[in-house]
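Asks: What follows is query32.txt, made up of compact mmCIF, C-alpha atoms and all ligand atoms:
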```txt
# COMPACT_ATOMS: atom_id res chain seq x y z
CA MET A 514 26.99 -4.23 -1.99
CA ARG A 515 23.97 -5.98 -3.42
CA ILE A 516 20.88 -3.88 -4.07
CA LEU A 517 17.43 -4.90 -5.28
CA PHE A 518 14.74 -2.40 -6.29
CA LEU A 519 11.20 -3.65 -7.00
CA GLY A 520 8.71 -1.53 -8.97
CA ASP A 521 5.25 -0.34 -7.93
CA VAL A 522 3.44 -3.06 -5.97
CA VAL A 523 -0.16 -3.15 -7.24
CA GLY A 524 -2.90 -4.43 -4.95
CA ARG A 525 -3.27 -7.73 -3.17
CA SER A 526 -1.81 -9.80 -5.97
CA GLY A 527 1.37 -7.67 -6.02
CA ARG A 528 1.70 -7.86 -2.23
CA LYS A 529 1.27 -11.60 -2.27
CA ALA A 530 4.07 -11.97 -4.83
CA VAL A 531 6.40 -9.77 -2.76
CA ARG A 532 5.65 -11.81 0.38
CA HIS A 533 6.19 -15.02 -1.55
CA HIS A 534 9.43 -14.18 -3.39
CA LEU A 535 11.27 -11.43 -1.53
CA PRO A 536 12.37 -13.26 1.65
CA SER A 537 14.08 -15.99 -0.37
CA MET A 538 15.63 -13.44 -2.76
CA VAL A 539 17.18 -11.64 0.23
CA ASP A 540 18.62 -14.94 1.46
CA ARG A 541 19.72 -16.53 -1.80
CA TRP A 542 21.23 -13.41 -3.32
CA LYS A 543 22.59 -12.15 0.04
CA LEU A 544 20.98 -8.77 -0.56
CA ASP A 545 22.32 -5.86 1.47
CA PHE A 546 19.56 -3.40 0.71
CA VAL A 547 16.06 -3.61 -0.78
CA VAL A 548 13.80 -0.78 -1.94
CA VAL A 549 10.18 -1.35 -2.95
CA ASN A 550 7.85 1.24 -4.49
CA GLY A 551 4.58 0.87 -2.57
CA GLU A 552 2.40 3.66 -4.01
CA ASN A 553 -0.27 1.28 -5.37
CA ALA A 554 -0.08 -1.43 -2.71
CA ALA A 555 -3.51 -0.75 -1.13
CA GLY A 556 -6.09 -1.75 -3.77
CA GLY A 557 -4.08 0.12 -6.41
CA PHE A 558 -4.31 3.44 -4.59
CA GLY A 559 -1.79 4.42 -1.94
CA ILE A 560 -0.55 2.44 1.03
CA THR A 561 -1.74 1.81 4.58
CA GLU A 562 0.57 1.53 7.57
CA LYS A 563 -0.26 -2.17 7.92
CA ILE A 564 0.74 -2.84 4.31
CA PHE A 565 3.85 -0.68 4.71
CA GLN A 566 4.86 -2.88 7.66
CA GLU A 567 4.06 -6.03 5.68
CA LEU A 568 6.47 -4.96 2.92
CA LEU A 569 9.19 -4.26 5.50
CA ASP A 570 8.57 -7.66 7.09
CA ALA A 571 9.03 -9.31 3.67
CA GLY A 572 12.53 -7.79 3.43
CA ALA A 573 12.22 -4.19 2.19
CA ASP A 574 14.45 -1.61 3.87
CA CYS A 575 12.75 1.43 2.37
CA ILE A 576 9.36 2.04 0.72
CA THR A 577 9.17 4.75 -1.91
CA THR A 578 5.99 6.16 -3.43
CA GLY A 579 4.87 8.74 -6.00
CA ASN A 580 1.71 10.55 -7.06
CA HIS A 581 -0.42 8.01 -5.13
CA ALA A 582 1.55 8.46 -1.86
CA PHE A 583 -1.37 9.94 0.06
CA ASP A 584 -4.37 8.22 -1.56
CA GLN A 585 -4.88 6.44 1.78
CA LYS A 586 -5.29 9.35 4.16
CA GLU A 587 -3.59 7.55 7.06
CA ALA A 588 -0.32 7.97 5.13
CA LEU A 589 -0.49 11.69 5.99
CA VAL A 590 0.03 10.61 9.60
CA PHE A 591 2.40 7.65 9.48
CA ALA A 592 4.63 9.37 6.87
CA GLU A 593 5.93 11.48 9.73
CA ARG A 594 6.89 8.73 12.16
CA GLN A 595 7.93 5.98 9.74
CA GLU A 596 11.48 6.79 8.69
CA ARG A 597 11.51 4.04 6.07
CA PHE A 598 8.60 5.64 4.21
CA LEU A 599 9.47 8.14 1.48
CA ARG A 600 7.18 10.41 -0.55
CA PRO A 601 8.39 12.59 -3.43
CA LEU A 602 11.04 15.08 -2.32
CA ASN A 603 9.70 17.93 -4.46
CA TYR A 604 6.25 18.12 -2.85
CA PRO A 605 5.55 21.47 -1.14
CA PRO A 606 7.54 21.96 2.07
CA GLN A 607 4.50 21.54 4.35
CA THR A 608 3.79 18.00 3.03
CA PRO A 609 4.13 15.37 5.77
CA GLY A 610 7.02 12.93 5.69
CA ARG A 611 10.34 13.07 3.87
CA GLY A 612 11.61 12.58 0.35
CA ALA A 613 15.11 11.40 1.18
CA ASN A 614 16.75 9.55 4.03
CA ILE A 615 19.89 7.66 4.90
CA TYR A 616 19.76 4.03 6.06
CA THR A 617 22.20 1.39 7.23
CA ALA A 618 22.41 -1.63 4.92
CA ARG A 619 22.88 -5.19 6.24
CA SER A 620 26.58 -4.81 5.38
CA GLY A 621 26.80 -1.68 7.56
CA ALA A 622 27.07 0.60 4.50
CA ARG A 623 25.29 3.97 4.52
CA VAL A 624 22.65 4.17 1.79
CA LEU A 625 20.98 7.42 0.76
CA VAL A 626 17.58 6.89 -0.90
CA ILE A 627 15.86 9.74 -2.73
CA ASN A 628 12.28 9.64 -4.06
CA VAL A 629 11.41 12.44 -6.47
CA MET A 630 8.65 13.06 -9.02
CA GLY A 631 8.77 14.21 -12.63
CA GLN A 632 7.02 17.22 -14.13
CA LEU A 633 5.96 16.03 -17.60
CA PHE A 634 2.31 14.84 -17.65
CA MET A 635 2.28 14.85 -13.83
CA THR A 636 0.96 17.16 -11.10
CA ALA A 637 3.17 20.25 -11.16
CA LEU A 638 5.76 20.02 -8.39
CA ASP A 639 9.04 21.83 -7.77
CA ASP A 640 11.98 21.21 -10.10
CA PRO A 641 13.11 17.61 -9.52
CA ILE A 642 16.65 18.26 -10.77
CA ALA A 643 17.21 21.11 -8.30
CA ALA A 644 15.69 19.05 -5.46
CA VAL A 645 17.93 16.06 -6.12
CA GLU A 646 20.99 18.27 -6.56
CA ARG A 647 20.47 19.77 -3.09
CA GLU A 648 20.33 16.31 -1.47
CA ILE A 649 23.33 14.90 -3.31
CA ALA A 650 25.44 18.01 -2.80
CA ALA A 651 24.75 17.78 0.95
CA MET A 652 25.65 14.10 1.10
CA PRO A 653 28.01 13.13 -1.73
CA LEU A 654 28.71 9.55 -2.69
CA GLY A 655 31.97 8.26 -1.26
CA ARG A 656 32.12 10.96 1.42
CA ASP A 657 28.89 10.87 3.43
CA CYS A 658 27.35 7.70 2.06
CA ASP A 659 28.40 4.46 0.38
CA ALA A 660 25.49 4.16 -2.07
CA ILE A 661 22.86 6.50 -3.50
CA ILE A 662 19.59 5.19 -4.92
CA VAL A 663 17.15 7.49 -6.72
CA ASP A 664 13.53 6.57 -7.50
CA PHE A 665 12.42 9.04 -10.19
CA HIS A 666 8.66 8.65 -10.34
CA ALA A 667 7.76 10.01 -13.75
CA GLU A 668 5.73 9.40 -16.89
CA ALA A 669 8.02 10.46 -19.72
CA THR A 670 10.94 8.25 -20.74
CA SER A 671 12.90 11.30 -21.91
CA GLU A 672 12.62 13.04 -18.54
CA LYS A 673 13.76 9.88 -16.76
CA GLN A 674 16.76 9.50 -19.05
CA VAL A 675 17.66 13.13 -18.37
CA MET A 676 17.67 12.46 -14.62
CA ALA A 677 19.82 9.33 -15.08
CA ALA A 678 22.31 11.25 -17.23
CA PHE A 679 22.34 14.18 -14.78
CA LEU A 680 23.32 11.87 -11.94
CA ASP A 681 25.79 9.70 -13.87
CA GLY A 682 28.89 9.24 -11.74
CA ARG A 683 27.25 10.64 -8.59
CA ALA A 684 24.69 7.95 -7.74
CA SER A 685 24.76 4.15 -7.64
CA LEU A 686 21.35 3.60 -9.23
CA VAL A 687 18.65 5.75 -10.84
CA VAL A 688 15.39 3.96 -11.58
CA GLY A 689 12.19 5.17 -13.15
CA THR A 690 8.87 4.08 -11.65
CA HIS A 691 5.18 4.99 -12.29
CA THR A 692 4.42 3.62 -15.78
CA HIS A 693 4.17 0.01 -14.47
CA VAL A 694 5.75 -1.24 -17.70
CA PRO A 695 9.40 -2.35 -17.60
CA THR A 696 11.73 -0.96 -20.23
CA ALA A 697 14.56 -3.03 -21.73
CA ASP A 698 17.33 -0.43 -21.34
CA TYR A 699 18.86 -1.35 -17.96
CA ARG A 700 22.55 -0.56 -18.12
CA ILE A 701 25.54 1.06 -16.46
CA GLN A 702 26.18 4.55 -17.84
CA PRO A 703 29.74 5.74 -18.68
CA GLY A 704 30.18 7.43 -15.29
CA GLY A 705 29.22 4.27 -13.39
CA THR A 706 25.58 4.93 -12.44
CA ALA A 707 23.18 2.07 -13.19
CA MET A 708 19.86 3.09 -14.70
CA MET A 709 16.62 1.73 -16.07
CA THR A 710 14.00 4.06 -17.54
CA ASP A 711 11.16 2.16 -15.85
CA ILE A 712 11.48 -0.94 -13.72
CA GLY A 713 7.84 -2.02 -14.17
CA MET A 714 5.38 -3.16 -11.53
CA CYS A 715 4.89 -6.04 -9.15
CA GLY A 716 1.36 -6.94 -10.21
CA ASP A 717 -0.85 -8.96 -12.51
CA TYR A 718 0.29 -8.10 -16.04
CA ASP A 719 -2.91 -9.50 -17.55
CA SER A 720 -4.35 -6.04 -16.94
CA ILE A 721 -4.07 -2.40 -17.93
CA ILE A 722 -1.08 -1.22 -15.87
CA GLY A 723 -2.19 -3.49 -13.02
CA MET A 724 -5.90 -2.69 -13.16
CA GLN A 725 -8.70 -4.99 -14.35
CA LYS A 726 -9.18 -4.45 -18.07
CA ASP A 727 -12.99 -4.06 -18.23
CA GLU A 728 -13.31 -0.50 -16.94
CA PRO A 729 -10.43 1.05 -18.95
CA LEU A 730 -11.73 -0.72 -22.07
CA HIS A 731 -15.27 0.49 -21.41
CA ARG A 732 -14.04 4.05 -20.92
CA ALA A 733 -11.95 3.91 -24.08
CA VAL A 734 -14.82 2.61 -26.19
CA THR A 735 -17.75 4.60 -24.77
CA LYS A 736 -15.95 7.66 -23.35
CA ILE A 737 -18.10 7.16 -20.23
CA SER A 738 -16.83 6.12 -16.82
CA SER A 739 -18.93 3.31 -15.38
CA GLY A 740 -17.16 2.67 -12.13
CA ARG A 741 -13.96 2.59 -10.17
CA LEU A 742 -10.76 1.02 -11.35
CA GLY A 743 -9.82 -2.08 -9.38
CA PRO A 744 -6.57 -4.02 -9.34
CA ALA A 745 -6.28 -7.23 -11.37
CA MET A 746 -6.24 -10.15 -8.96
CA GLU A 747 -4.54 -13.09 -10.69
CA GLU A 748 -0.95 -14.08 -10.00
CA ALA A 749 1.51 -11.20 -10.13
CA THR A 750 4.90 -10.98 -11.77
CA LEU A 751 7.64 -9.24 -9.80
CA SER A 752 9.60 -6.68 -11.76
CA GLY A 753 12.63 -4.69 -10.75
CA ILE A 754 16.37 -4.34 -11.00
CA ALA A 755 19.39 -5.89 -9.27
CA VAL A 756 22.62 -3.96 -8.95
CA ASP A 757 26.02 -4.98 -7.67
CA VAL A 758 27.71 -1.87 -6.27
CA ASP A 759 31.43 -1.39 -5.67
CA ASP A 760 32.02 -1.00 -1.92
CA THR A 761 34.81 1.56 -2.43
CA THR A 762 33.38 3.86 -5.11
CA GLY A 763 29.65 3.33 -4.61
CA LEU A 764 29.27 2.98 -8.39
CA ALA A 765 27.62 0.07 -10.17
CA ARG A 766 29.61 -2.96 -11.31
CA LYS A 767 26.85 -5.20 -12.64
CA VAL A 768 23.19 -4.76 -13.37
CA ALA A 769 20.35 -7.09 -14.32
CA ALA A 770 16.60 -6.91 -14.76
CA VAL A 771 14.60 -9.01 -12.31
CA ARG A 772 11.37 -10.59 -13.53
CA LEU A 773 9.72 -13.46 -11.71
CA GLY A 774 6.21 -14.70 -12.32
CA PRO A 775 3.85 -16.00 -14.98
CA HIS A 776 3.78 -13.08 -17.44
CA LEU A 777 7.16 -11.66 -18.43
CA GLU A 778 10.18 -13.63 -19.55
CA ARG A 779 12.05 -14.75 -16.45
CA SER A 780 15.17 -12.75 -15.66
CA VAL A 781 17.36 -12.96 -12.58
CA PRO A 782 20.89 -11.73 -11.82
CA THR A 783 23.07 -14.68 -12.84
CA PHE A 784 26.14 -12.84 -11.51
CA TRP A 785 24.90 -13.66 -8.01
CA THR A 786 23.19 -16.99 -8.58
CA ASP A 787 26.17 -18.48 -10.49
CA GLU A 788 28.36 -18.12 -7.40
CA ASP A 789 26.20 -20.55 -5.42
FE FE B 1 2.39 3.33 -9.68
FE FE B 2 2.59 6.74 -10.00
```
Any chance you could give the structure as structure tokens?
Replies:
Amino acid sequence: MRILFLGDVVGRSGRKAVRHHLPSMVDRWKLDFVVVNGENAAGGFGITEKIFQELLDAGADCITTGNHAFDQKEALVFAERQERFLRPLNYPPQTPGRGANIYTARSGARVLVINVMGQLFMTALDDPIAAVEREIAAMPLGRDCDAIIVDFHAEATSEKQVMAAFLDGRASLVVGTHTHVPTADYRIQPGGTAMMTDIGMCGDYDSIIGMQKDEPLHRAVTKISSGRLGPAMEEATLSGIAVDVDDTTGLARKVAAVRLGPHLERSVPTFWTDED
């Protein structure tokens, strides 16, 4: 099974890049399942239902989020009816929507996707480890599903590595999102679970984590806020991870960083493109 996960889409420029690149990636790489983190897709803050649909139309099968999940208030409503929309699993129980769901991939495989948020330097939520454990125990890999993908939306690299190690051998892929900066440590762990501490963003990297530089610079220099943060609008670079998953075990066989655009060094999964 061929899985692609793209990091936080930031604003119009990020959306444009997803619309431009994703449909041909799905075709060329014969992708079976695509996850996109959409928490910053609407002007950097949250996601509207229209944008959610736009990301699905481009080829995403599931949209995950994070601390910005409900910045656009309409998400409180469509989170309930849109089964392909996930918000962090460890929000309080009364929060609209769901934090995990099972989907059918293009190959017919059953894919469990879990979106969960970290605790370090983030809004205090329930224990992410316990929340993930409950989901995975209820639907183990190889018995009730053919692949498990976890989006751990967290700030601290150490906490994300803990989650990846905790799930090694029991999930196909554990990715970190939220920092908007890709790490270089994508790999397959000893138990067979692919991981990457943070997969970066789909946005304009000539920015401060996707936002125009002027306001963060002004705040840093003067210690005074002079306005709202707005997304950087020049051409975006897509950033994410590609994983080839064994159809029998649900564990990862190959993994590669994906980077396409003007800013970061280009990287694509040659293990798929070489076959063409
Ligand atoms: Fe984000
Ligand atoms: Fe975030």
Asks: Once you count all atoms listed in the file, which residues end up within 12 Å of ligand FE 2 (chain B), and could you hand them over as a PyMOL selection string?
Replies: chain A and resi 520-523+550-554+557-559+577-584+600-601+628-631+634-636+664-669+689-694+711+713-714+722-723
Asks: Looking at all atoms listed in the file, which of A:Ala769, A:Leu599, A:Ile642, A:Ala677 is the one that sits closest to A:Thr786?
Replies: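 Between A:Ala769, A:Leu599, A:Ile642, A:Ala677, the residue approaching A:Thr786 most closely is A:Ala769.
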Asks: Every residue with an atom at most 9 Å from (27.3, 7.3, -14.3) (file coordinates; only C-alpha atoms) is what I'm after, so could you write them as a count of residues only?
Replies: 20
Asks: One decimal, Å: what's the distance from atom CA of A:His534 over to atom CA of A:Lys586, could you say?
Replies: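 Atom-to-atom, atom CA of A:His534 and atom CA of A:Lys586 are spaced 28.8 Å apart.
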Asks: With distances taken over all atoms listed in the file, which of A:Ala571, A:Val688, A:Ile737, A:Val771 is nearest to A:Thr783?
Replies: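 Checking each candidate against A:Thr783, we get A:Val771 as the closest.
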Asks: Between A:Ala733, A:Cys575, A:Cys715, A:Val539, single out the one closest to ligand FE 1 (chain B), counting only C-alpha atoms and all ligand atoms.
Replies: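 Of all the options, A:Cys715 lies closest to ligand FE 1 (chain B).
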Asks: Using Å and a single decimal, report how far atom CA of A:Pro695 sits from atom CA of A:Lys736.
Replies: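 Calculated distance between atom CA of A:Lys736 and atom CA of A:Pro695 is 27.9 Å.
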Asks: Which is closest to ligand FE 1 (chain B) among A:Asp719, A:Ser780, A:Ile560, A:Ile516, if we use only C-alpha atoms and all ligand atoms?
Replies: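 Of the candidates, the smallest distance to ligand FE 1 (chain B) is held by A:Ile560.
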Asks: As a ChimeraX atom specification, please: the residues near A:Glu587 (cut-off 12 Å, all atoms listed in the file, same-chain neighbours under 4 positions excluded).
Replies: /A:555,559-565,582-583,591-595,609-610
